[in-house]
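One structure is given here, and the rest of the page talks about it.
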Amino acid sequence: MRSVLLVLVLIVSTAAFVRHSGYNGLQAPIRGVHRMATDASDMEPPPVPVCILPAEKPLHSYLETTDTPNRPFSILCWNILLPNSPEGSNWWNHKMYAPWVPQSARQWPHRHTLIQSRILRADADIVCLQEADGDTFDADFGFMVEAGYQHVLHKKFRYRCVTFFKGEKFEIVQASHQDRTLVTSLSVRSKGHKNGDGIGRMLNVVNCHLSAGAAPERRLRQVHDALEQIRKWTNKATLTLEKQRNANRPSPKNIQKAEDAQTQHVDAGTIVCGDFNSDGNTAVRKLLIENLLEPEWREPQYPHVQLTSKP
């Protein structure tokens, strides 16, 4: 069985996503317009812009710091397909083998060896995998720990997303386990960081394995909710800064720490990668590339499925 490597990376911005009370469907981006708060409980800061890493350009400069100029980083995204089960419950694996492939090559140990070799040979700084098995994860990917990777494994589902990252280059800030998406915020380790804590610029990584079949509205919601989580993190950092500045006895140290954290979130870039279970002119693609979705828009494959009800 040939190993198939799929890499799909889209760089997006969450700057224009606005959450409304009574939310029903996807809120199309509203540029430069924010709603009025109707009561005290409705008060929240407007969405904070997130810098866009142009998808058509190399990512070589994103991690640059004063002490690490021209520092590139790499990312590998791969649906490895759920480990072959003896009882054949994951039939989609077994049907892919040609009749002439011997039984010994159809077993998980053989494919596991190929996957391990491919990943280690790639030597990527960030590795986003889909369809890892939570029950056998430690045995399947112990080699990644030995190679110096840290990881976040999705807490739910049989087909789990897992995001690995090199511990010498990144540090985990926060993670969110969403519906078929795993959202992680990574900080770049930098000796020259002004706080002296070795933490520099932030990179958000959305690792997704979206729902399959005739469910374009669910795939859209899954990606939107992942991006919404990033916006919430940014807003939380902004609120924390305001709280420190308005404290009865403001602490310069705490204010500086909150300012650094808020700057990290505002300046962070976002990468969306994974198995989208769709191709062509889809709602997810339109959202990520154009940053908007009109209520009347439909996917050509599913012209009768309404995707969002909000203008």
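Naming works like this for the structure tokens: A, B, ... for the chains as they're shown, residue 1 at the start of each chain, ligands 1 onward in shown order.
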
Inset, instruction - Run DSSP on the backbone and grab whatever in range 48-190 of chain A lands in strand (DSSP E); send it over as an MDAnalysis selection string. - result: chainID A and resid 75:79 126:132 149:153 160:166 170:178 181:189

Inset, instruction - May I ask for the distance between CA of Arg158 in chain A and CA of Trp108 in chain A, given in Å to one decimal place? - result: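 If I compute the distance from CA of Arg158 in chain A to CA of Trp108 in chain A, I get 16.7 Å.
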
Legend entry - Residue neighbourhood Ile119 in chain A, 12 Å, only C-alpha atoms, exclusion window fewer than 3 positions, as a list in words: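 The filter keeps Ser3, Val4, Leu5, Ile75, Leu76, Cys77, Trp78, Asn79, Ile80, His112, Thr113, Leu114, Ile115, Gln116, Ala122, Asp123, Ala124, Asp125, Ile126, Val127, Cys128, Leu129, Phe141, Phe143, Met144, Ala147, Tyr149 and Phe164 of chain A.
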
Inset, instruction - For Gln107 in chain A, work out the shell of residues within 9 Å, counting only C-alpha atoms and skipping chain neighbours fewer than 5 positions away, then give it as a ChimeraX atom specification. - result: /A:83-86,112

Inset, instruction - With a distance cut-off of 10 Å and only C-alpha atoms, select the neighbouring residues of Glu242 in chain A, excluding the residue or stretch itself and same-chain residues fewer than 6 positions from it, and output the selection as a ChimeraX atom specification. - result: /A:236,255,258-259

Legend entry - Residues near Glu168 in chain A, cut-off 9 Å, only C-alpha atoms, skip fewer than 2 positions along chain, as number ranges by chain: A: 148-149, 165-166, 170-171, 189

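Distances here use only C-alpha atoms; by that measure, the residue among A:Val206, A:Leu239, A:Val266, A:Leu82 closest to Phe137 in chain A is A:Leu82.
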